[in-house]
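Colleague: What follows is protein.csv; its format and atoms are CSV, C-alpha atoms.
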```csv
chain,number,residue,atom,x,y,z
A,24,MET,CA,-30.6,-12.8,-6.1
A,25,ARG,CA,-33.0,-15.6,-5.3
A,26,THR,CA,-34.7,-16.6,-2.1
A,27,VAL,CA,-36.1,-19.8,-0.7
A,28,ILE,CA,-38.8,-19.4,2.0
A,29,HIS,CA,-39.1,-22.4,4.3
A,30,LEU,CA,-42.8,-23.0,5.2
A,31,ILE,CA,-42.4,-25.4,8.0
A,32,SER,CA,-44.6,-24.1,10.8
A,33,GLY,CA,-48.1,-24.9,11.7
A,34,ASP,CA,-48.5,-21.4,13.3
A,35,GLU,CA,-51.0,-19.4,11.4
A,36,THR,CA,-49.2,-16.1,11.8
A,37,GLU,CA,-46.0,-17.6,10.5
A,38,GLN,CA,-47.7,-19.1,7.5
A,39,GLU,CA,-49.3,-15.8,6.7
A,40,THR,CA,-46.0,-14.0,7.1
A,41,ALA,CA,-44.3,-16.6,4.7
A,42,LEU,CA,-46.8,-15.8,1.9
A,43,ALA,CA,-46.7,-12.1,2.6
A,44,ILE,CA,-42.9,-12.1,2.3
A,45,ALA,CA,-43.2,-13.9,-1.0
A,46,GLU,CA,-45.4,-11.1,-2.3
A,47,ASN,CA,-43.1,-8.4,-0.9
A,48,LEU,CA,-40.0,-10.0,-2.5
A,49,LEU,CA,-41.9,-10.0,-5.9
A,50,ALA,CA,-42.9,-6.3,-5.4
A,51,ASP,CA,-39.3,-5.2,-4.6
A,52,GLU,CA,-38.7,-2.1,-6.6
A,53,SER,CA,-34.9,-2.4,-6.6
A,54,GLY,CA,-35.3,-5.3,-9.1
A,55,SER,CA,-32.7,-7.3,-7.3
A,56,ILE,CA,-34.9,-10.4,-6.7
A,57,ASP,CA,-34.7,-12.8,-9.6
A,58,GLY,CA,-36.6,-15.8,-8.1
A,59,VAL,CA,-38.6,-16.9,-5.1
A,60,ALA,CA,-39.2,-20.5,-4.1
A,61,VAL,CA,-41.4,-21.7,-1.3
A,62,VAL,CA,-40.7,-25.2,0.1
A,63,ALA,CA,-43.4,-26.5,2.5
A,64,GLN,CA,-43.0,-29.4,4.9
A,65,SER,CA,-44.2,-30.6,8.2
A,66,GLU,CA,-47.2,-28.6,9.5
A,67,GLY,CA,-46.3,-25.8,7.0
A,68,ILE,CA,-47.8,-27.8,4.2
A,69,GLU,CA,-51.3,-27.1,5.5
A,70,ALA,CA,-51.0,-23.6,4.0
A,71,LEU,CA,-50.8,-25.2,0.5
A,72,THR,CA,-53.9,-27.5,0.6
A,73,ALA,CA,-56.5,-27.2,-2.0
A,74,GLY,CA,-59.6,-25.5,-0.6
A,75,GLY,CA,-57.6,-24.1,2.3
A,76,ASP,CA,-57.6,-20.5,3.5
A,77,HIS,CA,-54.6,-19.5,1.4
A,78,GLU,CA,-55.6,-21.1,-2.0
A,79,GLU,CA,-56.3,-17.8,-3.7
A,80,GLN,CA,-53.0,-16.2,-2.5
A,81,VAL,CA,-51.0,-19.3,-3.5
A,82,ARG,CA,-52.6,-19.3,-7.0
A,83,SER,CA,-51.7,-15.7,-7.4
A,84,LEU,CA,-48.1,-16.2,-6.4
A,85,LEU,CA,-47.9,-19.2,-8.8
A,86,ASP,CA,-49.1,-16.9,-11.6
A,87,ASP,CA,-46.3,-14.5,-10.7
A,88,ASP,CA,-43.7,-17.3,-11.1
A,89,VAL,CA,-43.1,-18.1,-7.4
A,90,SER,CA,-42.4,-21.9,-7.3
A,91,PHE,CA,-44.0,-24.0,-4.6
A,92,SER,CA,-42.8,-27.4,-3.5
A,93,GLY,CA,-44.5,-29.7,-1.0
A,94,CYS,CA,-42.6,-32.5,0.8
A,95,SER,CA,-43.8,-36.0,-0.2
A,96,ASN,CA,-42.6,-37.4,3.1
A,97,THR,CA,-44.9,-35.0,4.9
A,98,LEU,CA,-47.8,-35.8,2.5
A,99,ASP,CA,-47.3,-39.5,3.1
A,100,ALA,CA,-47.3,-39.0,6.9
A,101,MET,CA,-50.5,-37.1,6.7
A,102,GLY,CA,-52.2,-39.5,4.3
A,103,LEU,CA,-52.3,-36.8,1.6
A,104,ASP,CA,-51.0,-36.7,-2.0
A,105,GLU,CA,-50.2,-34.1,-4.6
A,106,ALA,CA,-53.9,-33.9,-5.6
A,107,ASP,CA,-54.7,-32.4,-2.2
A,108,LEU,CA,-52.5,-29.4,-2.8
A,109,VAL,CA,-53.3,-26.3,-4.8
A,110,ASP,CA,-53.0,-26.9,-8.5
A,111,GLY,CA,-49.5,-26.0,-9.6
A,112,VAL,CA,-47.7,-26.9,-6.4
A,113,GLU,CA,-45.1,-29.5,-7.2
A,114,THR,CA,-43.8,-32.2,-4.9
A,115,VAL,CA,-40.3,-33.1,-3.9
A,116,PRO,CA,-39.2,-36.3,-2.1
A,117,GLU,CA,-38.0,-34.5,1.0
A,118,GLY,CA,-38.4,-30.7,1.7
A,119,ALA,CA,-35.2,-30.5,3.7
A,120,VAL,CA,-33.2,-31.9,0.8
A,121,GLU,CA,-34.8,-29.4,-1.5
A,122,VAL,CA,-34.0,-26.4,0.8
A,123,THR,CA,-30.5,-27.6,1.0
A,124,ARG,CA,-30.2,-28.0,-2.7
A,125,LEU,CA,-31.6,-24.5,-3.4
A,126,GLN,CA,-29.1,-22.9,-0.9
A,127,ASP,CA,-26.3,-24.9,-2.6
A,128,GLU,CA,-27.5,-23.2,-5.8
A,129,GLY,CA,-27.1,-19.8,-4.2
A,130,TYR,CA,-30.6,-19.1,-2.9
A,131,ALA,CA,-30.8,-17.1,0.4
A,132,TYR,CA,-32.9,-18.7,3.1
A,133,LEU,CA,-35.8,-17.2,5.0
A,134,ARG,CA,-37.7,-18.9,7.8
A,135,PRO,CA,-40.7,-16.7,8.8
B,1199,MET,CA,-24.0,-31.0,0.2
B,1200,ARG,CA,-24.1,-30.6,4.0
B,1201,THR,CA,-26.8,-29.2,6.2
B,1202,VAL,CA,-26.8,-27.6,9.7
B,1203,ILE,CA,-30.1,-27.9,11.7
B,1204,HIS,CA,-30.5,-25.1,14.2
B,1205,LEU,CA,-32.2,-26.6,17.3
B,1206,ILE,CA,-33.0,-23.4,19.2
B,1207,SER,CA,-36.7,-23.7,20.1
B,1208,GLY,CA,-38.3,-25.0,23.2
B,1209,ASP,CA,-41.4,-25.9,21.2
B,1210,GLU,CA,-41.8,-29.7,21.4
B,1211,THR,CA,-43.2,-29.9,17.8
B,1212,GLU,CA,-40.2,-27.9,16.4
B,1213,GLN,CA,-37.8,-30.1,18.3
B,1214,GLU,CA,-39.4,-33.3,17.0
B,1215,THR,CA,-39.3,-31.9,13.5
B,1216,ALA,CA,-35.7,-31.0,13.8
B,1217,LEU,CA,-34.7,-34.6,14.7
B,1218,ALA,CA,-37.1,-36.0,12.0
B,1219,ILE,CA,-35.5,-33.8,9.4
B,1220,ALA,CA,-32.1,-35.1,10.4
B,1221,GLU,CA,-33.3,-38.6,9.8
B,1222,ASN,CA,-34.9,-37.7,6.5
B,1223,LEU,CA,-31.7,-36.0,5.3
B,1224,LEU,CA,-29.8,-39.3,6.1
B,1225,ALA,CA,-32.4,-41.3,4.3
B,1226,ASP,CA,-32.3,-39.2,1.1
B,1227,GLU,CA,-32.1,-41.6,-1.8
B,1228,SER,CA,-30.5,-39.1,-4.2
B,1229,GLY,CA,-27.2,-39.5,-2.2
B,1230,SER,CA,-26.7,-35.8,-2.4
B,1231,ILE,CA,-26.4,-35.2,1.4
B,1232,ASP,CA,-22.8,-35.7,2.6
B,1233,GLY,CA,-23.2,-34.5,6.2
B,1234,VAL,CA,-25.7,-33.4,8.8
B,1235,ALA,CA,-24.9,-31.3,11.9
B,1236,VAL,CA,-27.3,-30.3,14.7
B,1237,VAL,CA,-26.4,-27.3,16.8
B,1238,ALA,CA,-28.5,-26.8,19.9
B,1239,GLN,CA,-28.8,-23.7,22.0
B,1240,SER,CA,-31.3,-21.8,24.1
B,1241,GLU,CA,-34.3,-23.9,25.0
B,1242,GLY,CA,-33.5,-26.2,22.1
B,1243,ILE,CA,-30.8,-27.9,24.1
B,1244,GLU,CA,-33.5,-29.6,26.2
B,1245,ALA,CA,-33.9,-32.1,23.3
B,1246,LEU,CA,-30.4,-33.3,23.9
B,1247,THR,CA,-30.4,-34.0,27.6
B,1248,ALA,CA,-29.5,-37.4,28.9
B,1249,GLY,CA,-32.5,-39.2,30.1
B,1250,GLY,CA,-34.8,-37.0,28.1
B,1251,ASP,CA,-37.5,-38.0,25.7
B,1252,HIS,CA,-35.3,-37.9,22.6
B,1253,GLU,CA,-32.2,-39.7,24.0
B,1254,GLU,CA,-32.8,-42.9,21.9
B,1255,GLN,CA,-33.3,-41.0,18.7
B,1256,VAL,CA,-30.3,-38.8,19.3
B,1257,ARG,CA,-28.1,-41.9,20.0
B,1258,SER,CA,-29.3,-43.4,16.8
B,1259,LEU,CA,-28.5,-40.3,14.8
B,1260,LEU,CA,-25.1,-40.1,16.4
B,1261,ASP,CA,-24.5,-43.8,15.3
B,1262,ASP,CA,-25.4,-42.6,11.8
B,1263,ASP,CA,-22.7,-39.9,11.9
B,1264,VAL,CA,-24.9,-36.9,12.5
B,1265,SER,CA,-22.9,-34.5,14.6
B,1266,PHE,CA,-24.5,-32.8,17.6
B,1267,SER,CA,-23.2,-29.7,19.4
B,1268,GLY,CA,-24.6,-28.1,22.5
B,1269,CYS,CA,-23.9,-24.4,23.3
B,1270,SER,CA,-21.8,-24.0,26.5
B,1271,ASN,CA,-23.2,-20.5,27.1
B,1272,THR,CA,-26.6,-22.1,27.3
B,1273,LEU,CA,-25.5,-24.9,29.5
B,1274,ASP,CA,-23.9,-22.4,31.9
B,1275,ALA,CA,-27.0,-20.3,32.0
B,1276,MET,CA,-29.1,-23.5,32.8
B,1277,GLY,CA,-26.6,-24.8,35.4
B,1278,LEU,CA,-25.9,-27.8,33.3
B,1279,ASP,CA,-22.7,-29.2,31.8
B,1280,GLU,CA,-21.7,-31.7,29.1
B,1281,ALA,CA,-22.3,-34.6,31.4
B,1282,ASP,CA,-26.0,-33.7,31.3
B,1283,LEU,CA,-26.2,-34.2,27.6
B,1284,VAL,CA,-26.6,-37.5,25.7
B,1285,ASP,CA,-23.2,-39.3,25.4
B,1286,GLY,CA,-21.6,-38.3,22.2
B,1287,VAL,CA,-23.0,-34.8,22.0
B,1288,GLU,CA,-20.1,-32.3,22.0
B,1289,THR,CA,-20.1,-28.8,23.3
B,1290,VAL,CA,-19.0,-25.6,21.6
B,1291,PRO,CA,-18.4,-22.2,23.3
B,1292,GLU,CA,-21.4,-20.5,21.6
B,1293,GLY,CA,-24.0,-22.1,19.3
B,1294,ALA,CA,-24.5,-19.1,17.1
B,1295,VAL,CA,-20.8,-18.9,16.3
B,1296,GLU,CA,-20.8,-22.6,15.4
B,1297,VAL,CA,-23.8,-22.2,13.1
B,1298,THR,CA,-22.1,-19.2,11.5
B,1299,ARG,CA,-18.9,-21.2,11.1
B,1300,LEU,CA,-20.7,-24.1,9.5
B,1301,GLN,CA,-22.5,-21.9,7.0
B,1302,ASP,CA,-19.2,-20.2,6.2
B,1303,GLU,CA,-17.9,-23.7,5.4
B,1304,GLY,CA,-20.7,-24.2,3.0
B,1305,TYR,CA,-23.4,-25.9,5.0
B,1306,ALA,CA,-27.0,-25.0,4.2
B,1307,TYR,CA,-29.1,-23.8,7.2
B,1308,LEU,CA,-32.4,-25.2,8.3
B,1309,ARG,CA,-34.4,-23.9,11.2
B,1310,PRO,CA,-37.4,-26.2,11.9
C,428,MET,CA,-17.4,-14.1,9.3
C,429,ARG,CA,-20.5,-12.0,9.5
C,430,THR,CA,-24.0,-13.0,10.7
C,431,VAL,CA,-27.5,-11.7,10.1
C,432,ILE,CA,-30.1,-12.3,12.7
C,433,HIS,CA,-33.7,-12.4,11.4
C,434,LEU,CA,-36.0,-10.9,14.1
C,435,ILE,CA,-39.3,-11.8,12.6
C,436,SER,CA,-41.2,-13.4,15.5
C,437,GLY,CA,-43.7,-11.8,18.0
C,438,ASP,CA,-42.7,-14.5,20.5
C,439,GLU,CA,-41.1,-12.8,23.5
C,440,THR,CA,-38.7,-15.7,24.1
C,441,GLU,CA,-37.6,-15.7,20.5
C,442,GLN,CA,-37.0,-11.9,20.6
C,443,GLU,CA,-35.0,-12.2,23.8
C,444,THR,CA,-32.9,-15.0,22.3
C,445,ALA,CA,-32.3,-12.9,19.2
C,446,LEU,CA,-30.8,-10.1,21.2
C,447,ALA,CA,-28.9,-12.4,23.5
C,448,ILE,CA,-27.3,-14.1,20.5
C,449,ALA,CA,-26.2,-10.8,19.1
C,450,GLU,CA,-24.4,-10.2,22.4
C,451,ASN,CA,-22.9,-13.6,22.4
C,452,LEU,CA,-21.6,-13.2,18.8
C,453,LEU,CA,-19.9,-10.0,19.9
C,454,ALA,CA,-18.4,-11.6,23.0
C,455,ASP,CA,-16.9,-14.5,21.0
C,456,GLU,CA,-13.4,-15.0,22.1
C,457,SER,CA,-12.2,-16.7,19.0
C,458,GLY,CA,-12.4,-13.3,17.2
C,459,SER,CA,-13.9,-14.9,14.2
C,460,ILE,CA,-17.0,-12.7,14.1
C,461,ASP,CA,-16.5,-9.5,12.1
C,462,GLY,CA,-20.0,-8.2,11.9
C,463,VAL,CA,-23.5,-8.7,13.2
C,464,ALA,CA,-26.7,-7.3,11.6
C,465,VAL,CA,-30.2,-7.6,13.0
C,466,VAL,CA,-33.1,-7.3,10.5
C,467,ALA,CA,-36.5,-6.9,12.0
C,468,GLN,CA,-39.8,-7.3,10.3
C,469,SER,CA,-43.4,-8.5,10.9
C,470,GLU,CA,-44.1,-8.8,14.7
C,471,GLY,CA,-40.3,-8.9,15.4
C,472,ILE,CA,-40.1,-5.2,14.9
C,473,GLU,CA,-41.9,-4.7,18.3
C,474,ALA,CA,-38.5,-5.5,19.9
C,475,LEU,CA,-37.0,-2.4,18.4
C,476,THR,CA,-39.6,0.2,19.4
C,477,ALA,CA,-38.6,3.3,21.3
C,478,GLY,CA,-39.7,3.0,24.9
C,479,GLY,CA,-40.1,-0.7,24.6
C,480,ASP,CA,-38.7,-3.4,27.0
C,481,HIS,CA,-35.5,-3.9,24.9
C,482,GLU,CA,-34.5,-0.3,24.3
C,483,GLU,CA,-31.5,-0.3,26.6
C,484,GLN,CA,-30.2,-3.6,25.2
C,485,VAL,CA,-30.7,-2.4,21.6
C,486,ARG,CA,-28.8,0.9,22.4
C,487,SER,CA,-26.0,-1.0,23.9
C,488,LEU,CA,-25.7,-3.3,20.9
C,489,LEU,CA,-25.8,-0.3,18.6
C,490,ASP,CA,-22.9,1.2,20.6
C,491,ASP,CA,-21.0,-2.1,19.9
C,492,ASP,CA,-21.5,-1.7,16.2
C,493,VAL,CA,-24.3,-4.1,15.7
C,494,SER,CA,-26.5,-2.8,12.8
C,495,PHE,CA,-30.2,-2.8,13.2
C,496,SER,CA,-32.7,-2.5,10.3
C,497,GLY,CA,-36.4,-2.3,10.5
C,498,CYS,CA,-38.7,-3.1,7.6
C,499,SER,CA,-40.6,-0.1,6.2
C,500,ASN,CA,-43.4,-2.3,4.8
C,501,THR,CA,-44.0,-3.6,8.4
C,502,LEU,CA,-43.9,-0.1,9.8
C,503,ASP,CA,-46.4,1.1,7.3
C,504,ALA,CA,-48.7,-1.8,8.0
C,505,MET,CA,-48.5,-1.0,11.7
C,506,GLY,CA,-49.0,2.7,11.3
C,507,LEU,CA,-45.5,3.4,12.6
C,508,ASP,CA,-42.5,5.1,11.2
C,509,GLU,CA,-38.7,5.3,11.9
C,510,ALA,CA,-39.3,7.8,14.7
C,511,ASP,CA,-41.1,5.0,16.7
C,512,LEU,CA,-37.9,2.9,16.7
C,513,VAL,CA,-34.9,3.1,19.0
C,514,ASP,CA,-32.6,5.9,17.9
C,515,GLY,CA,-30.0,4.5,15.5
C,516,VAL,CA,-32.2,1.7,14.1
C,517,GLU,CA,-32.3,2.3,10.3
C,518,THR,CA,-35.1,1.4,8.0
C,519,VAL,CA,-35.0,-0.6,4.8
C,520,PRO,CA,-37.8,-0.9,2.2
C,521,GLU,CA,-38.4,-4.6,2.8
C,522,GLY,CA,-36.8,-6.7,5.5
C,523,ALA,CA,-36.8,-9.9,3.4
C,524,VAL,CA,-34.9,-8.2,0.6
C,525,GLU,CA,-32.3,-6.9,3.1
C,526,VAL,CA,-31.8,-10.4,4.6
C,527,THR,CA,-31.5,-11.8,1.1
C,528,ARG,CA,-28.9,-9.1,0.2
C,529,LEU,CA,-26.9,-9.7,3.3
C,530,GLN,CA,-26.7,-13.5,2.7
C,531,ASP,CA,-25.7,-12.7,-0.9
C,532,GLU,CA,-22.8,-10.7,0.5
C,533,GLY,CA,-21.8,-13.7,2.5
C,534,TYR,CA,-23.5,-13.3,5.9
C,535,ALA,CA,-24.6,-16.4,7.7
C,536,TYR,CA,-28.3,-16.5,8.6
C,537,LEU,CA,-29.7,-17.2,12.1
C,538,ARG,CA,-33.4,-17.3,12.9
C,539,PRO,CA,-33.9,-17.6,16.7
```
So that I can check it, write out the structure of this file as structure tokens.
Modeller:
Amino acid sequence: MRTVIHLISGDETEQETALAIAENLLADESGSIDGVAVVAQSEGIEALTAGGDHEEQVRSLLDDDVSFSGCSNTLDAMGLDEADLVDGVETVPEGAVEVTRLQDEGYAYLRP
Amino acid sequence: MRTVIHLISGDETEQETALAIAENLLADESGSIDGVAVVAQSEGIEALTAGGDHEEQVRSLLDDDVSFSGCSNTLDAMGLDEADLVDGVETVPEGAVEVTRLQDEGYAYLRP
Amino acid sequence: MRTVIHLISGDETEQETALAIAENLLADESGSIDGVAVVAQSEGIEALTAGGDHEEQVRSLLDDDVSFSGCSNTLDAMGLDEADLVDGVETVPEGAVEVTRLQDEGYAYLRP
């Protein structure tokens, strides 16, 4: 089973929960989780900025093969680009399309 | 691929994000999005009221074949009816059942 | 069709909406809803505590065969255990894994 976490909120608690859930999915002892993706857009993308509060945690999750995608439409609207995100976070044209695509591939959806 | 957006929050930012995402899905250049539905219930239904802040945007999305459904249980609880919603927004008996039905038909789910 | 409701928020309105939606799914007159599960984690688990504001409503939903699961990782982090939850609420090792598993079984996902 694979899971996509939609990181779309500017709420600090919801952002922390999103990253904690990614860790907990990786740590699952049943071995039933084969992949975890995080797609960030809107205010949720703030959690993935280089130099931000969550950089170390995001790097650690990337090392553990969690994939991170940031929405280019959001970056454009905020005057940011891929270089402003933690190294290893990829970009996709539109986060909502990416989340749709992943569910279409069979990923379960979580919105913390 | 088709996507249902669950408009359930009274939070203004989340409502704005929901409608912006509908626009972004329509604008997707990959051509992979075949349909977008918005199902509103609970405080989220406020975003679809006639004369409300989002009426023009909702009308424009309706013109672009986004479907909008409002939850009749919510309308009843608020003392409203279909006439209080933007022209073209349909009603369904219960929003949660409609969102379940759409996912059962293969729609991906997004909750901004 | 079956539906899993993800009770993950500490927001009182969102918690009330989650439980109201469970009731509305049960009351659906189309008869299309065959099962409702509520999975609680993070601050959402507060809605399922014994002696809490929602105990009576949770008991009533349990009587109507809604299943309730609380996340053990969350309970551990809060210094709680299964005995602190309303009688009949079960625990699962990790809520996010349970929500993934239910979607994998075909449940639709709702996040109030």
Colleague: Could you tell me which of C:Glu483, C:Arg528, C:Tyr536, C:Ile448 comes closest to Cys1269 (chain B) if we count only C-alpha atoms?
Modeller: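 Counting only C-alpha atoms, the residue closest to Cys1269 (chain B) is C:Ile448.
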Colleague: Give me, as a PyMOL selection string, all polymer residues having an atom no more than 6 Å from region 508-522 of chain C, counting all atoms listed in the file and skipping those fewer than 3 positions away in the same chain.
Modeller: chain C and resi 468+475-477+495-500+502+525
Colleague: Using the selection just defined, write its residues with C-alpha atoms as a short mmCIF file (atom, residue, chain, number, x, y, z; two decimals), in the coordinates of the input.
Modeller:
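So result_34.cif came out as:
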```cif
data_model
loop_
_atom_site.label_atom_id
_atom_site.label_comp_id
_atom_site.auth_asym_id
_atom_site.auth_seq_id
_atom_site.Cartn_x
_atom_site.Cartn_y
_atom_site.Cartn_z
CA GLN C 468 -39.80 -7.30 10.30
CA LEU C 475 -37.00 -2.40 18.40
CA THR C 476 -39.60 0.20 19.40
CA ALA C 477 -38.60 3.30 21.30
CA PHE C 495 -30.20 -2.80 13.20
CA SER C 496 -32.70 -2.50 10.30
CA GLY C 497 -36.40 -2.30 10.50
CA CYS C 498 -38.70 -3.10 7.60
CA SER C 499 -40.60 -0.10 6.20
CA ASN C 500 -43.40 -2.30 4.80
CA LEU C 502 -43.90 -0.10 9.80
CA GLU C 525 -32.30 -6.90 3.10
#
```
Colleague: May I ask for the distance between CA of Ala45 (chain A) and CA of Arg25 (chain A), given in Å to one decimal place?
Modeller: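 That distance, rounded to one decimal, is 11.2 Å.
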Colleague: Residues of chain C no more than 8 Å from chain A, counting all atoms listed in the file: send them over as a list in words.
Modeller: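 Listing them in order of chain and number gives Ile435, Ser436, Ser469, Glu521, Ala523, Val524, Val526, Thr527, Arg528, Gln530, Asp531, Tyr536 and Arg538 of chain C.
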Colleague: Using CA of Glu1214 (chain B) and CA of Gly1250 (chain B) as the two end points, give the distance in Å to one decimal.
Modeller: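 CA of Gly1250 (chain B) lies at a distance of 12.6 Å from CA of Glu1214 (chain B).
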Colleague: Just give me the gap between CA of Thr97 (chain A) and CA of Leu42 (chain A) in Å, one decimal is fine.
Modeller: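 Value for the CA of Thr97 (chain A)-CA of Leu42 (chain A) distance: 19.5 Å.
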